[in-house]
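The structure file target14.cif is reproduced below (mmCIF, C-alpha atoms and all ligand atoms).
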```cif
data_input
#
loop_
_atom_site.group_PDB
_atom_site.id
_atom_site.type_symbol
_atom_site.label_atom_id
_atom_site.label_comp_id
_atom_site.auth_asym_id
_atom_site.auth_seq_id
_atom_site.Cartn_x
_atom_site.Cartn_y
_atom_site.Cartn_z
ATOM 1 C CA MET A 1194 -17.483 14.836 7.233
ATOM 2 C CA ARG A 1195 -16.283 18.391 7.690
ATOM 3 C CA ASN A 1196 -19.794 19.852 7.786
ATOM 4 C CA HIS A 1197 -21.104 17.465 10.431
ATOM 5 C CA THR A 1198 -21.977 18.410 13.995
ATOM 6 C CA LEU A 1199 -19.448 18.275 16.812
ATOM 7 C CA SER A 1200 -21.029 15.178 18.352
ATOM 8 C CA GLU A 1201 -20.969 13.360 15.004
ATOM 9 C CA LYS A 1202 -17.303 14.188 14.538
ATOM 10 C CA ALA A 1203 -16.463 13.138 18.089
ATOM 11 C CA PHE A 1204 -18.312 9.854 17.519
ATOM 12 C CA ALA A 1205 -16.538 9.202 14.234
ATOM 13 C CA SER A 1206 -13.148 10.058 15.753
ATOM 14 C CA ALA A 1207 -13.637 7.693 18.692
ATOM 15 C CA VAL A 1208 -14.645 4.843 16.364
ATOM 16 C CA LEU A 1209 -11.686 5.519 14.062
ATOM 17 C CA ILE A 1210 -9.184 5.473 16.920
ATOM 18 C CA VAL A 1211 -10.438 2.203 18.400
ATOM 19 C CA LEU A 1212 -10.751 0.484 14.995
ATOM 20 C CA GLY A 1213 -7.322 1.763 13.994
ATOM 21 C CA ILE A 1214 -5.648 0.266 17.057
ATOM 22 C CA GLY A 1215 -7.613 -2.968 16.594
ATOM 23 C CA PHE A 1216 -6.609 -3.204 12.951
ATOM 24 C CA PHE A 1217 -2.966 -2.626 13.794
ATOM 25 C CA LEU A 1218 -3.008 -5.306 16.526
ATOM 26 C CA ALA A 1219 -4.764 -7.759 14.197
ATOM 27 C CA PHE A 1220 -1.971 -7.209 11.730
ATOM 28 C CA VAL A 1221 0.716 -7.786 14.374
ATOM 29 C CA TYR A 1222 -1.071 -10.944 15.532
ATOM 30 C CA LEU A 1223 -1.401 -12.281 11.997
ATOM 31 C CA TYR A 1224 2.268 -11.668 11.388
ATOM 32 C CA ALA A 1225 3.361 -13.341 14.629
ATOM 33 C CA SER A 1226 1.062 -16.367 14.359
ATOM 34 C CA GLU A 1227 0.799 -17.024 10.628
ATOM 35 C CA ILE A 1228 3.733 -15.459 8.842
ATOM 36 C CA GLU A 1229 6.752 -15.523 11.131
ATOM 37 C CA PRO A 1230 6.544 -19.256 12.156
ATOM 38 C CA HIS A 1231 6.388 -20.335 8.491
ATOM 39 C CA HIS A 1232 9.141 -17.922 7.628
ATOM 40 C CA GLN A 1233 11.334 -19.601 10.234
ATOM 41 C CA LYS A 1234 10.707 -22.958 8.552
ATOM 42 C CA GLY A 1235 11.914 -21.414 5.314
ATOM 43 C CA GLN A 1236 8.442 -21.275 3.746
ATOM 44 C CA ASN A 1237 7.280 -18.199 1.877
ATOM 45 C CA LEU A 1238 3.871 -16.654 2.500
ATOM 46 C CA LEU A 1239 2.115 -18.731 -0.158
ATOM 47 C CA LYS A 1240 3.545 -22.027 1.089
ATOM 48 C CA GLY A 1241 2.798 -21.039 4.682
ATOM 49 C CA VAL A 1242 -0.856 -20.316 3.937
ATOM 50 C CA ALA A 1243 -1.130 -23.514 1.890
ATOM 51 C CA THR A 1244 0.323 -25.537 4.777
ATOM 52 C CA THR A 1245 -2.218 -24.056 7.192
ATOM 53 C CA TYR A 1246 -5.261 -24.947 5.070
ATOM 54 C CA TYR A 1247 -4.218 -27.723 2.687
ATOM 55 C CA GLY A 1248 -1.537 -29.195 4.907
ATOM 56 C CA ASP A 1249 1.707 -30.786 3.807
ATOM 57 C CA ARG A 1250 0.803 -34.006 2.026
ATOM 58 C CA SER A 1251 4.139 -34.481 0.334
ATOM 59 C CA THR A 1252 5.231 -37.105 2.831
ATOM 60 C CA ASN A 1253 4.094 -39.071 5.847
ATOM 61 C CA ARG A 1254 5.964 -40.614 8.736
ATOM 62 C CA LEU A 1255 6.005 -44.144 7.298
ATOM 63 C CA GLU A 1256 7.483 -43.152 3.949
ATOM 64 C CA SER A 1257 10.051 -40.875 5.496
ATOM 65 C CA VAL A 1258 11.356 -43.623 7.830
ATOM 66 C CA LEU A 1259 11.310 -46.210 5.044
ATOM 67 C CA HIS A 1260 13.526 -43.921 3.001
ATOM 68 C CA GLY A 1261 15.581 -43.052 6.050
ATOM 69 C CA LYS A 1262 16.273 -44.880 9.291
ATOM 70 C CA MET A 1263 14.442 -48.121 8.388
ATOM 71 C CA ALA A 1264 15.557 -48.260 4.747
ATOM 72 C CA GLU A 1265 17.646 -51.391 5.275
ATOM 73 C CA ASN A 1266 14.596 -53.353 6.494
ATOM 74 C CA VAL A 1267 12.732 -53.210 3.169
ATOM 75 C CA SER A 1268 13.718 -54.252 -0.345
ATOM 76 C CA ARG A 1269 12.914 -52.169 -3.445
ATOM 77 C CA ASP A 1270 9.959 -54.416 -4.330
ATOM 78 C CA GLU A 1271 8.560 -54.181 -0.841
ATOM 79 C CA LEU A 1272 8.922 -50.402 -0.903
ATOM 80 C CA VAL A 1273 6.973 -50.259 -4.160
ATOM 81 C CA LYS A 1274 4.213 -52.436 -2.669
ATOM 82 C CA ILE A 1275 3.939 -50.236 0.400
ATOM 83 C CA HIS A 1276 3.906 -47.127 -1.743
ATOM 84 C CA LYS A 1277 1.088 -48.543 -3.893
ATOM 85 C CA TRP A 1278 -0.901 -49.396 -0.789
ATOM 86 C CA ILE A 1279 -0.539 -45.825 0.498
ATOM 87 C CA GLU A 1280 -1.477 -44.342 -2.877
ATOM 88 C CA GLY A 1281 -4.583 -46.531 -2.904
ATOM 89 C CA GLY A 1282 -5.690 -44.897 0.346
ATOM 90 C CA ALA A 1283 -3.931 -47.166 2.879
ATOM 91 C CA THR A 1284 -7.178 -49.056 3.462
ATOM 92 C CA LYS A 1285 -7.800 -52.062 5.665
ATOM 93 C CA ALA A 1286 -9.283 -53.931 2.682
ATOM 94 C CA ASP A 1287 -5.973 -53.730 0.836
ATOM 95 C CA PHE A 1288 -3.829 -54.419 3.870
ATOM 96 C CA ALA A 1289 -3.287 -58.034 2.740
ATOM 97 C CA GLN A 1290 -0.949 -56.676 0.047
ATOM 98 C CA VAL A 1291 1.523 -55.428 2.637
ATOM 99 C CA GLU A 1292 0.742 -57.569 5.675
ATOM 100 C CA PRO A 1293 3.546 -60.090 5.022
ATOM 101 C CA ILE A 1294 6.053 -57.224 4.951
ATOM 102 C CA VAL A 1295 4.780 -55.894 8.252
ATOM 103 C CA THR A 1296 4.888 -59.235 10.015
ATOM 104 C CA GLN A 1297 8.209 -60.366 8.546
ATOM 105 C CA ASN A 1298 10.174 -57.093 8.249
ATOM 106 C CA CYS A 1299 8.855 -54.900 11.002
ATOM 107 C CA ALA A 1300 7.166 -56.883 13.747
ATOM 108 C CA SER A 1301 10.372 -58.824 14.384
ATOM 109 C CA CYS A 1302 11.790 -55.712 16.052
ATOM 110 C CA HIS A 1303 8.621 -53.697 16.675
ATOM 111 C CA ASP A 1304 6.571 -56.181 18.705
ATOM 112 C CA ALA A 1305 5.344 -55.616 22.235
ATOM 113 C CA ALA A 1306 8.743 -56.504 23.709
ATOM 114 C CA GLY A 1307 10.795 -54.723 21.030
ATOM 115 C CA ASP A 1308 11.572 -51.180 19.964
ATOM 116 C CA PRO A 1309 8.748 -48.628 19.985
ATOM 117 C CA PRO A 1310 6.583 -47.867 18.083
ATOM 118 C CA GLN A 1311 4.764 -51.185 18.125
ATOM 119 C CA ILE A 1312 4.072 -52.306 14.544
ATOM 120 C CA THR A 1313 2.308 -55.666 14.417
ATOM 121 C CA ASN A 1314 -1.125 -55.058 12.887
ATOM 122 C CA PHE A 1315 -3.146 -52.866 10.527
ATOM 123 C CA GLU A 1316 -4.043 -50.176 13.079
ATOM 124 C CA GLN A 1317 -0.464 -49.633 14.190
ATOM 125 C CA PHE A 1318 0.935 -49.663 10.650
ATOM 126 C CA HIS A 1319 -1.833 -47.402 9.386
ATOM 127 C CA ALA A 1320 -1.194 -44.923 12.202
ATOM 128 C CA LEU A 1321 2.199 -44.203 10.604
ATOM 129 C CA VAL A 1322 0.568 -43.105 7.347
ATOM 130 C CA GLN A 1323 -1.013 -39.909 8.594
ATOM 131 C CA PHE A 1324 -0.627 -36.905 6.338
ATOM 132 C CA ASP A 1325 -0.789 -33.374 7.582
ATOM 133 C CA THR A 1326 -4.059 -32.280 5.964
ATOM 134 C CA GLY A 1327 -4.160 -28.803 7.466
ATOM 135 C CA VAL A 1328 -6.818 -27.210 9.618
ATOM 136 C CA GLU A 1329 -9.705 -29.511 10.543
ATOM 137 C CA ILE A 1330 -13.113 -29.090 8.949
ATOM 138 C CA HIS A 1331 -14.972 -28.297 12.146
ATOM 139 C CA THR A 1332 -12.383 -25.682 13.098
ATOM 140 C CA LEU A 1333 -12.779 -24.186 9.628
ATOM 141 C CA ALA A 1334 -16.562 -24.113 10.004
ATOM 142 C CA ARG A 1335 -16.248 -22.309 13.330
ATOM 143 C CA MET A 1336 -13.697 -19.833 11.971
ATOM 144 C CA SER A 1337 -15.896 -19.198 8.927
ATOM 145 C CA HIS A 1338 -19.052 -18.201 10.730
ATOM 146 C CA VAL A 1339 -17.229 -16.209 13.416
ATOM 147 C CA HIS A 1340 -15.394 -14.259 10.730
ATOM 148 C CA LEU A 1341 -18.441 -13.803 8.496
ATOM 149 C CA LEU A 1342 -20.653 -12.537 11.288
ATOM 150 C CA GLY A 1343 -18.067 -10.527 13.205
ATOM 151 C CA ILE A 1344 -15.723 -8.805 10.802
ATOM 152 C CA PRO A 1345 -18.333 -7.229 8.467
ATOM 153 C CA LEU A 1346 -19.750 -5.388 11.501
ATOM 154 C CA LEU A 1347 -16.461 -3.502 11.737
ATOM 155 C CA PHE A 1348 -16.550 -2.774 8.000
ATOM 156 C CA PHE A 1349 -20.092 -1.543 8.465
ATOM 157 C CA MET A 1350 -19.035 0.874 11.209
ATOM 158 C CA LEU A 1351 -16.131 2.261 9.242
ATOM 159 C CA GLY A 1352 -18.018 2.329 5.939
ATOM 160 C CA SER A 1353 -20.953 4.264 7.381
ATOM 161 C CA PHE A 1354 -18.559 7.119 8.157
ATOM 162 C CA PHE A 1355 -16.543 6.761 4.980
ATOM 163 C CA VAL A 1356 -19.551 7.165 2.671
ATOM 164 C CA ARG A 1357 -20.220 10.567 4.268
ATOM 165 C CA THR A 1358 -16.781 11.930 3.399
ATOM 166 C CA ARG A 1359 -16.174 14.337 0.502
ATOM 167 C CA TRP A 1360 -14.175 12.027 -1.762
ATOM 168 C CA ARG A 1361 -15.355 11.201 -5.258
ATOM 169 C CA GLU A 1362 -18.495 9.027 -5.313
ATOM 170 C CA GLY A 1363 -17.286 6.336 -7.726
ATOM 171 C CA PHE A 1364 -14.065 5.989 -5.782
ATOM 172 C CA LYS A 1365 -15.929 5.665 -2.483
ATOM 173 C CA ALA A 1366 -18.288 3.097 -3.965
ATOM 174 C CA VAL A 1367 -15.389 0.821 -4.895
ATOM 175 C CA LEU A 1368 -13.468 1.265 -1.654
ATOM 176 C CA VAL A 1369 -16.491 0.737 0.582
ATOM 177 C CA VAL A 1370 -17.309 -2.603 -1.059
ATOM 178 C CA MET A 1371 -13.710 -3.896 -1.107
ATOM 179 C CA PRO A 1372 -13.488 -5.293 2.470
ATOM 180 C CA PHE A 1373 -16.852 -7.069 2.193
ATOM 181 C CA PHE A 1374 -15.803 -8.631 -1.084
ATOM 182 C CA GLY A 1375 -12.400 -9.462 0.443
ATOM 183 C CA VAL A 1376 -13.767 -11.304 3.472
ATOM 184 C CA LEU A 1377 -16.103 -13.430 1.320
ATOM 185 C CA PHE A 1378 -13.362 -14.188 -1.174
ATOM 186 C CA ASP A 1379 -10.943 -15.025 1.636
ATOM 187 C CA ILE A 1380 -13.261 -17.434 3.451
ATOM 188 C CA ALA A 1381 -14.454 -19.102 0.244
ATOM 189 C CA HIS A 1382 -10.826 -19.852 -0.558
ATOM 190 C CA TRP A 1383 -10.177 -21.370 2.893
ATOM 191 C CA TRP A 1384 -12.584 -24.099 1.824
ATOM 192 C CA ILE A 1385 -11.290 -24.422 -1.699
ATOM 193 C CA ALA A 1386 -7.747 -24.683 -0.295
ATOM 194 C CA LYS A 1387 -8.760 -27.775 1.719
ATOM 195 C CA ARG A 1388 -8.979 -29.475 -1.646
ATOM 196 C CA TYR A 1389 -6.718 -27.476 -3.962
ATOM 197 C CA GLU A 1390 -3.432 -26.208 -2.617
ATOM 198 C CA SER A 1391 -3.181 -23.390 -5.169
ATOM 199 C CA ALA A 1392 -6.272 -21.694 -3.700
ATOM 200 C CA ALA A 1393 -3.902 -20.329 -1.051
ATOM 201 C CA LEU A 1394 -3.300 -17.565 -3.585
ATOM 202 C CA GLY A 1395 -6.984 -16.631 -3.312
ATOM 203 C CA ILE A 1396 -6.696 -16.484 0.473
ATOM 204 C CA ILE A 1397 -3.835 -14.029 0.226
ATOM 205 C CA PHE A 1398 -5.663 -11.985 -2.420
ATOM 206 C CA GLY A 1399 -8.864 -11.876 -0.330
ATOM 207 C CA GLY A 1400 -6.964 -10.902 2.801
ATOM 208 C CA ALA A 1401 -5.049 -8.178 0.979
ATOM 209 C CA THR A 1402 -8.251 -6.755 -0.547
ATOM 210 C CA MET A 1403 -9.836 -6.715 2.889
ATOM 211 C CA GLY A 1404 -6.818 -5.039 4.484
ATOM 212 C CA LEU A 1405 -6.326 -2.450 1.720
ATOM 213 C CA GLY A 1406 -10.026 -1.561 1.636
ATOM 214 C CA PHE A 1407 -10.083 -1.143 5.387
ATOM 215 C CA ALA A 1408 -6.833 0.816 5.601
ATOM 216 C CA GLY A 1409 -7.848 3.028 2.662
ATOM 217 C CA GLN A 1410 -11.226 3.891 4.144
ATOM 218 C CA TRP A 1411 -9.699 4.480 7.541
ATOM 219 C CA TRP A 1412 -7.088 6.867 6.272
ATOM 220 C CA LEU A 1413 -9.409 8.804 3.932
ATOM 221 C CA THR A 1414 -12.062 9.164 6.638
ATOM 222 C CA ALA A 1415 -9.448 10.352 9.128
ATOM 223 C CA ALA A 1416 -8.017 12.777 6.563
ATOM 224 C CA ASP A 1417 -11.418 14.217 5.732
ATOM 225 C CA LEU A 1418 -12.180 14.557 9.417
ATOM 226 C CA TRP A 1419 -8.908 15.788 10.812
ATOM 227 C CA LEU A 1420 -6.673 17.268 8.123
ATOM 228 C CA PRO A 1421 -6.926 20.941 7.169
ATOM 229 C CA ASP A 1422 -8.523 21.518 3.757
ATOM 230 C CA ARG A 1423 -5.288 23.116 2.609
ATOM 231 C CA LEU A 1424 -3.683 19.650 2.724
ATOM 232 C CA LEU A 1425 -6.714 17.882 1.282
ATOM 233 C CA THR A 1426 -6.534 19.883 -1.923
ATOM 234 C CA ARG A 1427 -3.280 18.094 -2.693
ATOM 235 C CA LEU A 1428 -5.338 14.887 -2.974
ATOM 236 C CA VAL A 1429 -7.874 16.733 -5.052
ATOM 237 C CA TRP A 1430 -7.984 14.126 -7.825
ATOM 238 C CA ILE A 1431 -10.214 11.945 -5.679
ATOM 239 C CA LEU A 1432 -12.231 14.878 -4.377
ATOM 240 C CA PRO A 1433 -15.382 15.746 -6.335
ATOM 241 C CA LYS A 1434 -14.922 18.805 -8.486
ATOM 242 C CA THR A 1435 -17.830 20.533 -6.857
ATOM 243 C CA VAL A 1436 -16.218 20.573 -3.429
ATOM 244 C CA THR A 1437 -15.143 23.968 -2.216
ATOM 245 C CA THR A 1438 -12.407 23.409 0.280
ATOM 246 C CA GLY A 1439 -11.413 26.090 2.751
ATOM 247 C CA GLU A 1440 -8.612 27.190 0.443
ATOM 248 C CA ASP A 1441 -10.896 27.606 -2.574
ATOM 249 C CA ALA A 1442 -13.250 29.696 -0.493
ATOM 250 C CA ALA A 1443 -10.455 31.898 0.752
HETATM 251 C C1 LIG B 1 16.307 -54.835 13.066
HETATM 252 C C2 LIG B 1 15.269 -54.277 13.878
HETATM 253 C C3 LIG B 1 14.239 -53.394 13.187
HETATM 254 C C4 LIG B 1 13.450 -53.745 12.113
HETATM 255 C C5 LIG B 1 13.412 -55.036 11.336
HETATM 256 C C6 LIG B 1 12.595 -52.571 11.884
HETATM 257 N N1 LIG B 1 12.904 -51.586 12.785
HETATM 258 FE FE1 LIG B 1 11.989 -49.773 12.927
HETATM 259 N N2 LIG B 1 13.196 -49.284 14.468
HETATM 260 C C7 LIG B 1 14.187 -50.066 15.011
HETATM 261 C C8 LIG B 1 14.868 -49.357 16.069
HETATM 262 C C9 LIG B 1 16.032 -49.864 16.900
HETATM 263 C C10 LIG B 1 14.249 -48.087 16.120
HETATM 264 C C11 LIG B 1 14.588 -46.937 17.050
HETATM 265 C C12 LIG B 1 15.810 -46.235 16.507
HETATM 266 C C13 LIG B 1 15.590 -44.831 16.134
HETATM 267 O O1 LIG B 1 14.474 -44.290 16.243
HETATM 268 O O2 LIG B 1 16.598 -44.236 15.695
HETATM 269 C C14 LIG B 1 13.208 -48.071 15.123
HETATM 270 C C15 LIG B 1 12.385 -47.008 14.898
HETATM 271 C C16 LIG B 1 11.321 -47.024 14.026
HETATM 272 C C17 LIG B 1 10.368 -45.982 13.895
HETATM 273 C C18 LIG B 1 10.345 -44.703 14.695
HETATM 274 C C19 LIG B 1 11.377 -43.758 14.147
HETATM 275 C C20 LIG B 1 10.823 -42.400 13.861
HETATM 276 O O3 LIG B 1 11.672 -41.518 13.714
HETATM 277 O O4 LIG B 1 9.625 -42.242 13.730
HETATM 278 C C21 LIG B 1 9.477 -46.350 12.930
HETATM 279 C C22 LIG B 1 8.267 -45.563 12.435
HETATM 280 C C23 LIG B 1 9.896 -47.633 12.456
HETATM 281 N N3 LIG B 1 11.005 -48.017 13.126
HETATM 282 C C24 LIG B 1 9.268 -48.351 11.447
HETATM 283 C C25 LIG B 1 9.673 -49.576 10.993
HETATM 284 C C26 LIG B 1 9.017 -50.282 9.913
HETATM 285 C C27 LIG B 1 7.806 -49.789 9.142
HETATM 286 C C28 LIG B 1 9.673 -51.457 9.760
HETATM 287 C C29 LIG B 1 9.380 -52.538 8.739
HETATM 288 C C30 LIG B 1 9.530 -52.165 7.375
HETATM 289 C C31 LIG B 1 10.745 -51.473 10.728
HETATM 290 N N4 LIG B 1 10.710 -50.298 11.450
HETATM 291 C C32 LIG B 1 11.652 -52.497 10.875
HETATM 292 C C33 LIG B 1 14.481 -51.368 14.634
HETATM 293 C C34 LIG B 1 13.891 -52.050 13.595
#
```
Take the structure I supplied and represent it as structure tokens, if you would.
Amino acid sequence: MRNHTLSEKAFASAVLIVLGIGFFLAFVYLYASEIEPHHQKGQNLLKGVATTYYGDRSTNRLESVLHGKMAENVSRDELVKIHKWIEGGATKADFAQVEPIVTQNCASCHDAAGDPPQITNFEQFHALVQFDTGVEIHTLARMSHVHLLGIPLLFFMLGSFFVRTRWREGFKAVLVVMPFFGVLFDIAHWWIAKRYESAALGIIFGGATMGLGFAGQWWLTAADLWLPDRLLTRLVWILPKTVTTGEDAA
């Protein structure tokens, strides 16, 4: 961008500064809201992302109390029956299979006059079998379109300056496409991760591609704009051979 007019350079500089601060704050926010809380629960990044989208379906409240506090109120056989009912989807149609257990083993203490929670019928028993299935579909739909319509605008702004820099064409072509590819890949995997936990890996990959593409373009545009050519020649392997930097000319 070295050969551009003063107003073009001022424009590009202003955009770079604002986008740079925004990008940095987005990173801080992501760390504070998505990474640190999971880290505190002892989850690594992959597990944390999976828990956000897929949820934690390894256990539910009913099974954890039946193996814990309430264990003495059910026999092995009854536990197996309840487990089968849950595996079958914990439906009302199949409730007959476990109803005697509920009325005989639970309702005796958990009726209206007894210890909370009240457990006397299908609705109350079923309410204990809720899994954590991650972010809700309508939230995901909202996040998807907001991200898809908003974020690429920023990539567009940055990219329109980056393509005018003096770095090698093939290199620029790859870097300028990276964030767009990343955001699509990222969002696609949000949806896949609702169904398949392992797609969390794709979310991380998409996010990293987006971040690296953005950071790379930002830095190389800033360098082309602000750094003296003397320094740029040290990065000459990604500069086109035809470029005459200030040093070459001198
Ligand atoms: C002998 C009485 C008794 C029976 C029978 C009984 N419970 Fe409980 N239950 C309690 C008491 C007392 C508490 C509260 C104590 C506590 O939370 O530490 C409790 C608490 C609970 C809780 C809330 C605890 C939590 O951490 O979520 C659940 C859920 C529960 N029982 C389920 C059941 C189920 C299901 C059955 C039938 C298999 C059952 N209970 C049978 C006495 C009973």
### Within 8 Å of ligand LIG 1 (chain B) (all atoms listed in the file), residues as JSON, numbers by chain
{"A": [1254, 1255, 1258, 1259, 1262, 1263, 1264, 1266, 1267, 1294, 1295, 1297, 1298, 1299, 1300, 1301, 1302, 1303, 1308, 1309, 1310, 1312, 1318, 1321]}
### Query
In Å to one decimal, how far is atom CA of A:Thr1326 from atom CA of A:Ile1275?
20.4 Å
### Close residues, A:Met1403 itself excluded, 9 Å, only C-alpha atoms, min 5 positions apart in chain, as a PyMOL selection string
chain A and resi 1371-1376+1379+1398+1408
### Nearest candidate to A:Ala1416 (options A:Gln1290, A:Arg1359, A:Tyr1389, A:Val1367; using all atoms listed in the file)
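Looking at the shortest contact to A:Ala1416, the residue is A:Arg1359.
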### Task
Give the answer as one residue: which of A:Leu1341, A:Leu1418, A:Ala1401, A:Val1356 has the shortest atom-to-atom distance to A:Ala1381, using only C-alpha atoms?
A:Leu1341
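Here atom CA of A:Asp1325 and atom CA of A:Gly1248 stand 5.0 Å from one another.
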### Query
Could you name the residues that touch A:Leu1223 at 12 Å or less, counting only C-alpha atoms, but leaving out those on the same chain fewer than 6 positions away, as a list of chain:residue names?
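Final neighbour list, sorted by chain and number: A:Phe1216, A:Phe1217, A:Glu1229, A:Pro1230, A:His1231, A:Leu1238, A:Val1242, A:Gly1400, A:Gly1404.
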### Task
Could you tell me which residues the PyMOL selection byres (((chain A and resi 1246) around 10) and not hetatm) grabs in this file, written as a PyMOL selection string?
chain A and resi 1241-1245+1247-1249+1325-1330+1333+1382-1390+1392-1393+1396
Build an axis-aligned box that encloses every atom of stretch 1332-1343 of chain A listed in the file, pad it by 4 Å on each side, and report its centre and edge lengths in Å to one decimal, as JSON.
```
{"center_x": -16.5, "center_y": -18.1, "center_z": 11.0, "size_x": 16.3, "size_y": 23.2, "size_z": 12.9}
```
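Taking atom CA of A:Leu1239 and atom CA of A:Thr1402 as the two end points, the separation is 15.8 Å.
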### Query
For A:Phe1407, which of A:Gly1215, A:Leu1420, A:Asp1304, A:Arg1269 is the closest residue, counting only C-alpha atoms?
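Under the stated criterion, the closest residue is A:Gly1215.
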### Query
Which one is closest to A:Val1291: A:Lys1240, A:Thr1414, A:Lys1274, A:Ala1305? Count only C-alpha atoms.
A:Lys1274
### Task
Spell out the residues picked by the PyMOL selection byres (((chain A and resi 1198-1208) around 12) and not hetatm) here, as a PyMOL selection string.
chain A and resi 1194-1197+1209-1216+1347-1355+1357-1358+1411-1412+1414-1419
